[in-house]
$ cat entry-v9.pdb   # PDB, C-alpha atoms, pLDDT in the B column
ATOM      1  CA  MET K 249      74.581 169.135  37.424  1.00 67.00           C
ATOM      2  CA  ARG K 250      73.911 167.817  33.930  1.00 75.00           C
ATOM      3  CA  PRO K 251      76.119 165.241  32.242  1.00 81.00           C
ATOM      4  CA  ALA K 252      77.620 166.280  28.900  1.00 81.00           C
ATOM      5  CA  THR K 253      76.847 163.124  26.965  1.00 90.00           C
ATOM      6  CA  LEU K 254      73.532 161.656  25.786  1.00 93.00           C
ATOM      7  CA  LEU K 255      74.316 158.426  27.616  1.00 95.00           C
ATOM      8  CA  PHE K 256      76.087 158.349  30.934  1.00 95.00           C
ATOM      9  CA  ARG K 257      76.771 155.895  33.694  1.00 95.00           C
ATOM     10  CA  VAL K 258      75.923 156.142  37.369  1.00 95.00           C
ATOM     11  CA  ALA K 259      76.560 153.968  40.377  1.00 94.00           C
ATOM     12  CA  VAL K 260      73.590 153.552  42.700  1.00 95.00           C
ATOM     13  CA  ALA K 261      74.361 154.412  46.314  1.00 91.00           C
ATOM     14  CA  GLY K 262      71.839 153.449  48.945  1.00 88.00           C
ATOM     15  CA  ARG K 263      68.877 151.155  49.191  1.00 88.00           C
ATOM     16  CA  SER K 264      65.824 153.361  48.774  1.00 90.00           C
ATOM     17  CA  MET K 265      65.180 151.928  45.287  1.00 94.00           C
ATOM     18  CA  GLU K 266      65.067 148.308  46.347  1.00 92.00           C
ATOM     19  CA  PRO K 267      63.991 145.947  44.946  1.00 92.00           C
ATOM     20  CA  THR K 268      64.480 147.693  41.575  1.00 95.00           C
ATOM     21  CA  PHE K 269      68.050 148.783  42.246  1.00 95.00           C
ATOM     22  CA  GLU K 270      70.462 147.642  44.853  1.00 93.00           C
ATOM     23  CA  ASP K 271      73.271 149.528  46.444  1.00 90.00           C
ATOM     24  CA  GLY K 272      76.248 149.364  44.066  1.00 91.00           C
ATOM     25  CA  ASP K 273      74.325 148.701  40.838  1.00 95.00           C
ATOM     26  CA  TRP K 274      75.848 150.304  37.758  1.00 96.00           C
ATOM     27  CA  LEU K 275      73.367 151.879  35.387  1.00 96.00           C
ATOM     28  CA  LEU K 276      73.408 153.277  31.902  1.00 97.00           C
ATOM     29  CA  VAL K 277      71.307 156.434  31.838  1.00 97.00           C
ATOM     30  CA  ARG K 278      69.979 158.379  28.881  1.00 96.00           C
ATOM     31  CA  GLN K 279      69.476 162.106  29.105  1.00 95.00           C
ATOM     32  CA  LEU K 280      65.813 163.004  29.271  1.00 93.00           C
ATOM     33  CA  ARG K 281      64.850 166.010  27.215  1.00 88.00           C
ATOM     34  CA  ARG K 282      61.093 165.548  27.237  1.00 91.00           C
ATOM     35  CA  PRO K 283      58.782 165.896  30.240  1.00 92.00           C
ATOM     36  CA  PRO K 284      58.914 162.930  32.622  1.00 95.00           C
ATOM     37  CA  ARG K 285      56.021 160.488  32.813  1.00 95.00           C
ATOM     38  CA  ALA K 286      54.459 158.873  35.867  1.00 96.00           C
ATOM     39  CA  GLY K 287      55.957 155.498  36.672  1.00 96.00           C
ATOM     40  CA  GLU K 288      59.295 156.217  35.030  1.00 96.00           C
ATOM     41  CA  LEU K 289      62.622 155.791  36.711  1.00 97.00           C
ATOM     42  CA  VAL K 290      64.594 159.021  36.754  1.00 97.00           C
ATOM     43  CA  VAL K 291      67.944 160.440  37.740  1.00 96.00           C
ATOM     44  CA  ALA K 292      67.458 163.965  39.039  1.00 95.00           C
ATOM     45  CA  THR K 293      69.441 166.588  40.878  1.00 93.00           C
ATOM     46  CA  ASP K 294      68.764 166.747  44.582  1.00 90.00           C
ATOM     47  CA  PRO K 295      66.634 169.854  45.248  1.00 88.00           C
ATOM     48  CA  ARG K 296      68.491 170.329  48.501  1.00 84.00           C
ATOM     49  CA  GLU K 297      71.935 169.923  47.012  1.00 83.00           C
ATOM     50  CA  PRO K 298      72.084 170.516  43.244  1.00 85.00           C
ATOM     51  CA  ALA K 299      75.553 168.993  42.792  1.00 85.00           C
ATOM     52  CA  ARG K 300      74.187 165.652  43.927  1.00 88.00           C
ATOM     53  CA  LEU K 301      72.198 163.191  41.841  1.00 93.00           C
ATOM     54  CA  LEU K 302      69.283 161.106  43.043  1.00 94.00           C
ATOM     55  CA  VAL K 303      67.684 158.073  41.487  1.00 96.00           C
ATOM     56  CA  LYS K 304      63.935 157.728  42.100  1.00 96.00           C
ATOM     57  CA  ARG K 305      60.672 156.845  40.431  1.00 96.00           C
ATOM     58  CA  VAL K 306      58.152 159.421  39.184  1.00 97.00           C
ATOM     59  CA  ARG K 307      54.944 159.120  41.129  1.00 96.00           C
ATOM     60  CA  SER K 308      53.063 161.884  39.376  1.00 95.00           C
ATOM     61  CA  VAL K 309      53.585 164.910  37.175  1.00 95.00           C
ATOM     62  CA  THR K 310      51.564 168.109  37.493  1.00 94.00           C
ATOM     63  CA  GLY K 311      52.839 170.681  35.027  1.00 91.00           C
ATOM     64  CA  ASP K 312      56.372 171.420  36.105  1.00 93.00           C
ATOM     65  CA  ARG K 313      56.014 169.731  39.476  1.00 94.00           C
ATOM     66  CA  VAL K 314      57.199 166.164  39.689  1.00 95.00           C
ATOM     67  CA  ILE K 315      56.625 163.944  42.682  1.00 94.00           C
ATOM     68  CA  VAL K 316      59.398 161.364  42.992  1.00 95.00           C
ATOM     69  CA  GLU K 317      59.565 158.465  45.404  1.00 93.00           C
ATOM     70  CA  GLY K 318      61.837 155.564  46.225  1.00 93.00           C
ATOM     71  CA  ASP K 319      60.695 152.039  45.461  1.00 93.00           C
ATOM     72  CA  HIS K 320      61.554 150.707  48.897  1.00 89.00           C
ATOM     73  CA  PRO K 321      58.340 149.403  50.493  1.00 82.00           C
ATOM     74  CA  ASP K 322      59.209 151.098  53.772  1.00 76.00           C
ATOM     75  CA  PRO K 323      58.787 154.880  53.261  1.00 76.00           C
ATOM     76  CA  ALA K 324      61.228 155.493  56.102  1.00 73.00           C
ATOM     77  CA  ARG K 325      63.902 153.973  53.889  1.00 77.00           C
ATOM     78  CA  SER K 326      63.637 156.631  51.206  1.00 81.00           C
ATOM     79  CA  THR K 327      64.106 160.353  51.321  1.00 83.00           C
ATOM     80  CA  ASP K 328      62.050 161.736  48.455  1.00 88.00           C
ATOM     81  CA  SER K 329      59.129 164.048  47.617  1.00 89.00           C
ATOM     82  CA  ARG K 330      57.399 162.869  50.782  1.00 85.00           C
ATOM     83  CA  GLN K 331      60.056 164.877  52.633  1.00 82.00           C
ATOM     84  CA  PHE K 332      61.373 167.520  50.255  1.00 87.00           C
ATOM     85  CA  GLY K 333      58.218 168.009  48.188  1.00 90.00           C
ATOM     86  CA  PRO K 334      57.883 168.024  44.408  1.00 94.00           C
ATOM     87  CA  ILE K 335      60.950 168.626  42.286  1.00 95.00           C
ATOM     88  CA  ALA K 336      61.039 170.734  39.122  1.00 95.00           C
ATOM     89  CA  ALA K 337      60.778 168.871  35.812  1.00 94.00           C
ATOM     90  CA  ALA K 338      64.004 170.649  34.841  1.00 93.00           C
ATOM     91  CA  ALA K 339      65.783 168.907  37.705  1.00 94.00           C
ATOM     92  CA  ILE K 340      65.394 165.581  35.936  1.00 95.00           C
ATOM     93  CA  VAL K 341      68.533 164.786  33.985  1.00 95.00           C
ATOM     94  CA  GLY K 342      67.977 161.289  32.731  1.00 96.00           C
ATOM     95  CA  ARG K 343      66.248 157.971  32.654  1.00 97.00           C
ATOM     96  CA  PRO K 344      68.018 154.727  33.598  1.00 97.00           C
ATOM     97  CA  LEU K 345      67.854 152.244  30.702  1.00 97.00           C
ATOM     98  CA  LEU K 346      70.092 149.383  31.610  1.00 97.00           C
ATOM     99  CA  ARG K 347      71.834 147.825  34.538  1.00 97.00           C
ATOM    100  CA  TYR K 348      75.239 146.610  33.338  1.00 95.00           C
ATOM    101  CA  ALA K 349      76.641 145.475  36.652  1.00 91.00           C
ATOM    102  CA  PRO K 350      76.497 143.193  38.513  1.00 93.00           C
ATOM    103  CA  LEU K 351      76.443 140.940  35.467  1.00 92.00           C
ATOM    104  CA  HIS K 352      74.079 138.384  36.936  1.00 93.00           C
ATOM    105  CA  ARG K 353      71.411 141.080  37.065  1.00 93.00           C
ATOM    106  CA  PHE K 354      72.330 142.641  33.708  1.00 95.00           C
ATOM    107  CA  GLY K 355      69.316 143.881  31.807  1.00 95.00           C
ATOM    108  CA  LEU K 356      66.901 146.624  30.918  1.00 96.00           C
ATOM    109  CA  VAL K 357      65.353 148.433  33.850  1.00 96.00           C
ATOM    110  CA  ARG K 358      61.883 149.833  34.200  1.00 92.00           C
TER     111      ARG K 358
ATOM    112  CA  MET I1171      94.320 150.795  33.591  1.00 56.00           C
ATOM    113  CA  ASN I1172      92.225 147.798  34.581  1.00 68.00           C
ATOM    114  CA  PRO I1173      89.028 147.056  32.627  1.00 71.00           C
ATOM    115  CA  ARG I1174      86.842 147.582  35.672  1.00 75.00           C
ATOM    116  CA  SER I1175      87.903 151.191  36.026  1.00 77.00           C
ATOM    117  CA  LEU I1176      87.160 151.770  32.340  1.00 81.00           C
ATOM    118  CA  ILE I1177      83.514 150.835  32.709  1.00 86.00           C
ATOM    119  CA  ALA I1178      82.972 152.101  36.245  1.00 89.00           C
ATOM    120  CA  PRO I1179      80.574 155.042  36.487  1.00 91.00           C
ATOM    121  CA  ARG I1180      82.113 158.345  37.401  1.00 88.00           C
ATOM    122  CA  LEU I1181      78.845 159.619  38.828  1.00 90.00           C
ATOM    123  CA  VAL I1182      76.886 158.481  41.828  1.00 90.00           C
ATOM    124  CA  ALA I1183      73.083 158.532  41.899  1.00 91.00           C
ATOM    125  CA  HIS I1184      71.868 158.504  45.458  1.00 89.00           C
ATOM    126  CA  ALA I1185      69.043 156.238  46.495  1.00 87.00           C
ATOM    127  CA  HIS I1186      69.290 157.207  50.103  1.00 78.00           C
ATOM    128  CA  CYS I1187      67.215 157.959  53.074  1.00 69.00           C
ATOM    129  CA  ASP I1188      68.465 160.631  55.427  1.00 62.00           C
ATOM    130  CA  ILE I1189      68.802 158.043  58.093  1.00 57.00           C
ATOM    131  CA  PRO I1190      71.887 156.533  56.521  1.00 52.00           C
ATOM    132  CA  CYS I1191      70.769 153.486  54.586  1.00 48.00           C
ATOM    133  CA  GLY I1192      72.908 150.448  54.595  1.00 55.00           C
ATOM    134  CA  ILE I1193      74.092 151.051  58.114  1.00 68.00           C
ATOM    135  CA  TYR I1194      72.820 148.047  59.949  1.00 81.00           C
ATOM    136  CA  ASP I1195      74.110 146.836  63.259  1.00 85.00           C
ATOM    137  CA  PRO I1196      72.882 144.131  65.622  1.00 92.00           C
ATOM    138  CA  THR I1197      74.276 146.034  68.608  1.00 90.00           C
ATOM    139  CA  ALA I1198      70.994 147.830  69.326  1.00 91.00           C
ATOM    140  CA  ALA I1199      69.162 144.488  69.579  1.00 95.00           C
ATOM    141  CA  LYS I1200      71.881 143.149  71.850  1.00 95.00           C
ATOM    142  CA  VAL I1201      71.714 146.132  74.206  1.00 94.00           C
ATOM    143  CA  ALA I1202      67.925 145.814  74.334  1.00 96.00           C
ATOM    144  CA  ALA I1203      68.108 142.062  75.080  1.00 97.00           C
ATOM    145  CA  ASP I1204      70.708 142.684  77.796  1.00 96.00           C
ATOM    146  CA  THR I1205      68.462 145.369  79.283  1.00 97.00           C
ATOM    147  CA  VAL I1206      65.534 142.938  79.378  1.00 98.00           C
ATOM    148  CA  ALA I1207      67.687 140.402  81.257  1.00 97.00           C
ATOM    149  CA  LYS I1208      68.867 143.068  83.676  1.00 97.00           C
ATOM    150  CA  MET I1209      65.283 144.160  84.356  1.00 97.00           C
ATOM    151  CA  VAL I1210      64.175 140.568  85.006  1.00 97.00           C
ATOM    152  CA  GLU I1211      66.952 140.426  87.582  1.00 95.00           C
ATOM    153  CA  LYS I1212      65.851 143.712  89.154  1.00 94.00           C
ATOM    154  CA  ILE I1213      62.192 142.692  89.261  1.00 94.00           C
ATOM    155  CA  ALA I1214      63.071 139.421  90.980  1.00 89.00           C
ATOM    156  CA  GLY I1215      65.253 141.268  93.492  1.00 86.00           C
ATOM    157  CA  SER I1216      62.792 144.019  94.344  1.00 79.00           C
ATOM    158  CA  THR I1217      61.085 143.187  97.602  1.00 78.00           C
ATOM    159  CA  GLY I1218      59.181 145.211 100.121  1.00 73.00           C
ATOM    160  CA  GLY I1219      56.058 147.273  99.865  1.00 77.00           C
ATOM    161  CA  GLU I1220      57.495 150.703 100.536  1.00 87.00           C
ATOM    162  CA  GLU I1221      56.994 153.280  97.852  1.00 86.00           C
ATOM    163  CA  ALA I1222      60.579 153.479  96.657  1.00 84.00           C
ATOM    164  CA  SER I1223      60.696 149.742  96.143  1.00 86.00           C
ATOM    165  CA  ARG I1224      57.324 149.659  94.400  1.00 88.00           C
ATOM    166  CA  ASN I1225      58.493 152.465  92.179  1.00 90.00           C
ATOM    167  CA  THR I1226      61.619 150.532  91.198  1.00 90.00           C
ATOM    168  CA  PHE I1227      59.518 147.453  90.550  1.00 93.00           C
ATOM    169  CA  ILE I1228      57.111 149.263  88.279  1.00 93.00           C
ATOM    170  CA  ARG I1229      59.881 151.042  86.432  1.00 94.00           C
ATOM    171  CA  SER I1230      61.703 147.767  85.885  1.00 96.00           C
ATOM    172  CA  VAL I1231      58.599 146.193  84.409  1.00 97.00           C
ATOM    173  CA  ALA I1232      58.079 149.211  82.154  1.00 97.00           C
ATOM    174  CA  VAL I1233      61.697 149.177  80.975  1.00 97.00           C
ATOM    175  CA  LYS I1234      61.543 145.416  80.350  1.00 98.00           C
ATOM    176  CA  GLU I1235      58.436 145.895  78.229  1.00 97.00           C
ATOM    177  CA  GLU I1236      59.955 148.790  76.307  1.00 96.00           C
ATOM    178  CA  HIS I1237      63.263 147.111  75.578  1.00 97.00           C
ATOM    179  CA  ALA I1238      61.691 143.798  74.578  1.00 98.00           C
ATOM    180  CA  GLN I1239      59.777 145.842  71.996  1.00 97.00           C
ATOM    181  CA  ILE I1240      62.930 147.709  70.897  1.00 95.00           C
ATOM    182  CA  CYS I1241      64.689 144.372  70.556  1.00 97.00           C
ATOM    183  CA  LYS I1242      61.891 143.060  68.353  1.00 97.00           C
ATOM    184  CA  LYS I1243      61.913 146.176  66.197  1.00 94.00           C
ATOM    185  CA  GLU I1244      65.686 146.057  65.719  1.00 94.00           C
ATOM    186  CA  LEU I1245      65.566 142.368  64.851  1.00 97.00           C
ATOM    187  CA  LEU I1246      62.827 142.951  62.293  1.00 95.00           C
ATOM    188  CA  ILE I1247      64.865 145.699  60.622  1.00 89.00           C
ATOM    189  CA  LEU I1248      67.782 143.311  60.243  1.00 93.00           C
ATOM    190  CA  TRP I1249      65.545 140.492  59.116  1.00 94.00           C
ATOM    191  CA  THR I1250      63.487 142.370  56.539  1.00 88.00           C
ATOM    192  CA  ASP I1251      65.893 145.069  55.381  1.00 81.00           C
ATOM    193  CA  TYR I1252      69.427 143.806  55.806  1.00 85.00           C
ATOM    194  CA  PHE I1253      69.303 140.093  55.077  1.00 89.00           C
ATOM    195  CA  LYS I1254      68.881 139.043  51.461  1.00 83.00           C
ATOM    196  CA  PRO I1255      68.049 135.772  49.687  1.00 84.00           C
ATOM    197  CA  GLU I1256      71.738 134.996  49.168  1.00 82.00           C
ATOM    198  CA  HIS I1257      72.252 135.134  52.932  1.00 90.00           C
ATOM    199  CA  LEU I1258      69.409 132.671  53.376  1.00 92.00           C
ATOM    200  CA  GLU I1259      71.094 130.262  50.994  1.00 91.00           C
ATOM    201  CA  LYS I1260      74.165 130.331  53.160  1.00 93.00           C
ATOM    202  CA  TYR I1261      72.272 130.285  56.464  1.00 95.00           C
ATOM    203  CA  PRO I1262      69.176 128.159  55.878  1.00 95.00           C
ATOM    204  CA  LYS I1263      68.144 128.499  59.522  1.00 95.00           C
ATOM    205  CA  LEU I1264      68.014 132.293  59.248  1.00 96.00           C
ATOM    206  CA  HIS I1265      64.223 132.668  59.074  1.00 96.00           C
ATOM    207  CA  ASP I1266      63.671 130.218  61.882  1.00 97.00           C
ATOM    208  CA  THR I1267      66.255 131.929  64.052  1.00 97.00           C
ATOM    209  CA  PHE I1268      64.659 135.334  63.544  1.00 98.00           C
ATOM    210  CA  TRP I1269      61.152 134.019  64.051  1.00 97.00           C
ATOM    211  CA  LYS I1270      62.092 132.393  67.340  1.00 98.00           C
ATOM    212  CA  ALA I1271      64.010 135.465  68.494  1.00 98.00           C
ATOM    213  CA  ALA I1272      61.026 137.706  67.725  1.00 98.00           C
ATOM    214  CA  LYS I1273      58.763 135.325  69.650  1.00 98.00           C
ATOM    215  CA  LEU I1274      61.179 135.438  72.582  1.00 98.00           C
ATOM    216  CA  CYS I1275      60.772 139.216  72.636  1.00 98.00           C
ATOM    217  CA  SER I1276      57.032 138.709  73.128  1.00 98.00           C
ATOM    218  CA  LYS I1277      57.597 136.016  75.732  1.00 98.00           C
ATOM    219  CA  ASN I1278      59.764 138.419  77.686  1.00 98.00           C
ATOM    220  CA  LYS I1279      57.032 141.007  77.609  1.00 98.00           C
ATOM    221  CA  GLN I1280      54.450 138.555  78.881  1.00 97.00           C
ATOM    222  CA  ASN I1281      56.555 136.987  81.626  1.00 96.00           C
ATOM    223  CA  VAL I1282      59.239 137.619  84.189  1.00 96.00           C
ATOM    224  CA  ASP I1283      61.380 134.693  83.226  1.00 97.00           C
ATOM    225  CA  ALA I1284      65.156 134.625  83.606  1.00 97.00           C
ATOM    226  CA  GLN I1285      65.399 131.652  81.250  1.00 98.00           C
ATOM    227  CA  ALA I1286      63.412 133.428  78.529  1.00 98.00           C
ATOM    228  CA  ALA I1287      65.648 136.483  78.962  1.00 98.00           C
ATOM    229  CA  ALA I1288      68.770 134.332  78.650  1.00 98.00           C
ATOM    230  CA  ASP I1289      67.284 132.593  75.593  1.00 98.00           C
ATOM    231  CA  LEU I1290      66.655 135.974  74.002  1.00 98.00           C
ATOM    232  CA  GLN I1291      70.233 137.058  74.659  1.00 98.00           C
ATOM    233  CA  ALA I1292      71.477 133.822  73.100  1.00 98.00           C
ATOM    234  CA  ALA I1293      69.211 134.225  70.060  1.00 98.00           C
ATOM    235  CA  VAL I1294      70.358 137.800  69.488  1.00 97.00           C
ATOM    236  CA  LYS I1295      73.970 136.697  69.867  1.00 97.00           C
ATOM    237  CA  GLU I1296      73.450 134.022  67.229  1.00 97.00           C
ATOM    238  CA  ILE I1297      71.925 136.563  64.841  1.00 97.00           C
ATOM    239  CA  ALA I1298      74.780 138.988  65.518  1.00 95.00           C
ATOM    240  CA  GLU I1299      77.274 136.269  64.679  1.00 95.00           C
ATOM    241  CA  ILE I1300      75.539 135.546  61.374  1.00 96.00           C
ATOM    242  CA  PHE I1301      75.378 139.282  60.677  1.00 93.00           C
ATOM    243  CA  TRP I1302      79.082 139.814  61.241  1.00 90.00           C
ATOM    244  CA  ALA I1303      79.908 136.709  59.220  1.00 91.00           C
ATOM    245  CA  THR I1304      78.052 138.209  56.226  1.00 87.00           C
ATOM    246  CA  LYS I1305      80.100 141.401  56.601  1.00 78.00           C
ATOM    247  CA  LYS I1306      83.414 139.606  56.131  1.00 74.00           C
TER     248      LYS I1306
END

$ encode --input "entry-v9.pdb" --output "structure tokens"
Amino acid sequence: MRPATLLFRVAVAGRSMEPTFEDGDWLLVRQLRRPPRAGELVVATDPREPARLLVKRVRSVTGDRVIVEGDHPDPARSTDSRQFGPIAAAAIVGRPLLRYAPLHRFGLVR
Amino acid sequence: MNPRSLIAPRLVAHAHCDIPCGIYDPTAAKVAADTVAKMVEKIAGSTGGEEASRNTFIRSVAVKEEHAQICKKELLILWTDYFKPEHLEKYPKLHDTFWKAAKLCSKNKQNVDAQAAADLQAAVKEIAEIFWATKK
């Protein structure tokens, strides 16, 4: 699934990106049309279920193969490339820019 | 249309683990603490040197050990993954309560002590009460 607009909003569900994102955070995401870079936050389609979006961080990029992982310090708390393997670069739909809710944590994200 | 629904995202980006994240429950710790207490009771009540009795004794010790460890693990998950700084503000004794409860798990492994088992049950109950209060 690929959003139609250059900027789109997503709600984070789950805790695998803590402490960067918390469950229920609202993010502004920009479509990513260039190859992803290591260390970047990304929104990507779930390789196991293409209608579903994931939010993860790029661990490494090798050609078209992108390793994504959650930020949670406990690996058991994130389902990511450590389970489902690398995802295709084309599966990456965007890059979160800004958290706009909750307001007390409003700000750019990285 | 309220303003909130105007700015609310229409898409969800999952930051999940397959073990459903965000599902925390102190019940597992409670069951483990209750099991420890039950085993302490069984150990104290097991007398006689015949094989069946010795077998029960040894199994009770093993189950006590195992469930004290399960209790500790479950408590640590709640402590490190569920509770957040804002909870600590509201419950300043939170860290101390968890620390003591975790130590009671160890004490119950080291000893056969009905009082330590009861203390562990009480500590887990206190944590469960805080947990459920944060869910309101």

$ resolve_selection --input "entry-v9.pdb" --expression "the PyMOL selection byres ((chain K and resi 258-273) around 7)" --output "short mmCIF file (atom, residue, chain, number, x, y, z; two decimals) with C-alpha atoms, in the frame of the given file"
data_model
loop_
_atom_site.label_atom_id
_atom_site.label_comp_id
_atom_site.auth_asym_id
_atom_site.auth_seq_id
_atom_site.Cartn_x
_atom_site.Cartn_y
_atom_site.Cartn_z
CA PHE K 256 76.09 158.35 30.93
CA ARG K 257 76.77 155.90 33.69
CA TRP K 274 75.85 150.30 37.76
CA LEU K 275 73.37 151.88 35.39
CA LEU K 276 73.41 153.28 31.90
CA LYS K 304 63.94 157.73 42.10
CA GLY K 318 61.84 155.56 46.22
CA ASP K 319 60.70 152.04 45.46
CA HIS K 320 61.55 150.71 48.90
CA ARG K 325 63.90 153.97 53.89
CA SER K 326 63.64 156.63 51.21
CA ARG K 347 71.83 147.82 34.54
CA ALA K 349 76.64 145.48 36.65
CA PRO K 350 76.50 143.19 38.51
CA PRO I 1179 80.57 155.04 36.49
CA ARG I 1180 82.11 158.34 37.40
CA LEU I 1181 78.84 159.62 38.83
CA VAL I 1182 76.89 158.48 41.83
CA ALA I 1183 73.08 158.53 41.90
CA HIS I 1184 71.87 158.50 45.46
CA ALA I 1185 69.04 156.24 46.50
CA HIS I 1186 69.29 157.21 50.10
CA CYS I 1187 67.22 157.96 53.07
CA CYS I 1191 70.77 153.49 54.59
CA GLY I 1192 72.91 150.45 54.60
#

$ resolve_selection --input "entry-v9.pdb" --expression "the PyMOL selection byres ((chain I and resi 1295) around 12)" --output "PDB file with C-alpha atoms, keeping the file's coordinate frame"
ATOM      1  CA  PRO I1196      72.882 144.131  65.622  1.00 92.00           C
ATOM      2  CA  THR I1197      74.276 146.034  68.608  1.00 90.00           C
ATOM      3  CA  ALA I1198      70.994 147.830  69.326  1.00 91.00           C
ATOM      4  CA  ALA I1199      69.162 144.488  69.579  1.00 95.00           C
ATOM      5  CA  LYS I1200      71.881 143.149  71.850  1.00 95.00           C
ATOM      6  CA  VAL I1201      71.714 146.132  74.206  1.00 94.00           C
ATOM      7  CA  ALA I1202      67.925 145.814  74.334  1.00 96.00           C
ATOM      8  CA  ALA I1203      68.108 142.062  75.080  1.00 97.00           C
ATOM      9  CA  ASP I1204      70.708 142.684  77.796  1.00 96.00           C
ATOM     10  CA  LEU I1245      65.566 142.368  64.851  1.00 97.00           C
ATOM     11  CA  THR I1267      66.255 131.929  64.052  1.00 97.00           C
ATOM     12  CA  PHE I1268      64.659 135.334  63.544  1.00 98.00           C
ATOM     13  CA  ALA I1271      64.010 135.465  68.494  1.00 98.00           C
ATOM     14  CA  ALA I1288      68.770 134.332  78.650  1.00 98.00           C
ATOM     15  CA  ASP I1289      67.284 132.593  75.593  1.00 98.00           C
ATOM     16  CA  LEU I1290      66.655 135.974  74.002  1.00 98.00           C
ATOM     17  CA  GLN I1291      70.233 137.058  74.659  1.00 98.00           C
ATOM     18  CA  ALA I1292      71.477 133.822  73.100  1.00 98.00           C
ATOM     19  CA  ALA I1293      69.211 134.225  70.060  1.00 98.00           C
ATOM     20  CA  VAL I1294      70.358 137.800  69.488  1.00 97.00           C
ATOM     21  CA  GLU I1296      73.450 134.022  67.229  1.00 97.00           C
ATOM     22  CA  ILE I1297      71.925 136.563  64.841  1.00 97.00           C
ATOM     23  CA  ALA I1298      74.780 138.988  65.518  1.00 95.00           C
ATOM     24  CA  GLU I1299      77.274 136.269  64.679  1.00 95.00           C
ATOM     25  CA  ILE I1300      75.539 135.546  61.374  1.00 96.00           C
ATOM     26  CA  PHE I1301      75.378 139.282  60.677  1.00 93.00           C
ATOM     27  CA  TRP I1302      79.082 139.814  61.241  1.00 90.00           C
TER      28      TRP I1302
END

$ residues_around --input "entry-v9.pdb" --residues "Leu289 (chain K)" --least-positions-apart "2" --cutoff "10 Å" --atoms "only C-alpha atoms" --output "list in words"
Met265, Thr268, Val277, Pro284, Arg285, Ala286, Gly287, Val291, Ala292, Val303, Lys304, Arg305, Val306, Arg307, Val316, Glu317, Gly318, Asp319, Gly342, Arg343, Pro344, Leu345, Val357 and Arg358 of chain K

$ atom_distance --input "entry-v9.pdb" --atom1 "CA of Ala336 (chain K)" --atom2 "CA of Pro323 (chain K)"
21.4 Å

$ atom_distance --input "entry-v9.pdb" --atom1 "CA of Leu301 (chain K)" --atom2 "CA of Ser1175 (chain I)"
20.6 Å

$ closest_residue --input "entry-v9.pdb" --among "K:Ala324, K:Leu280, K:Ala339, K:Ala299" --to "chain I" --atoms "all atoms listed in the file"
K:Ala324
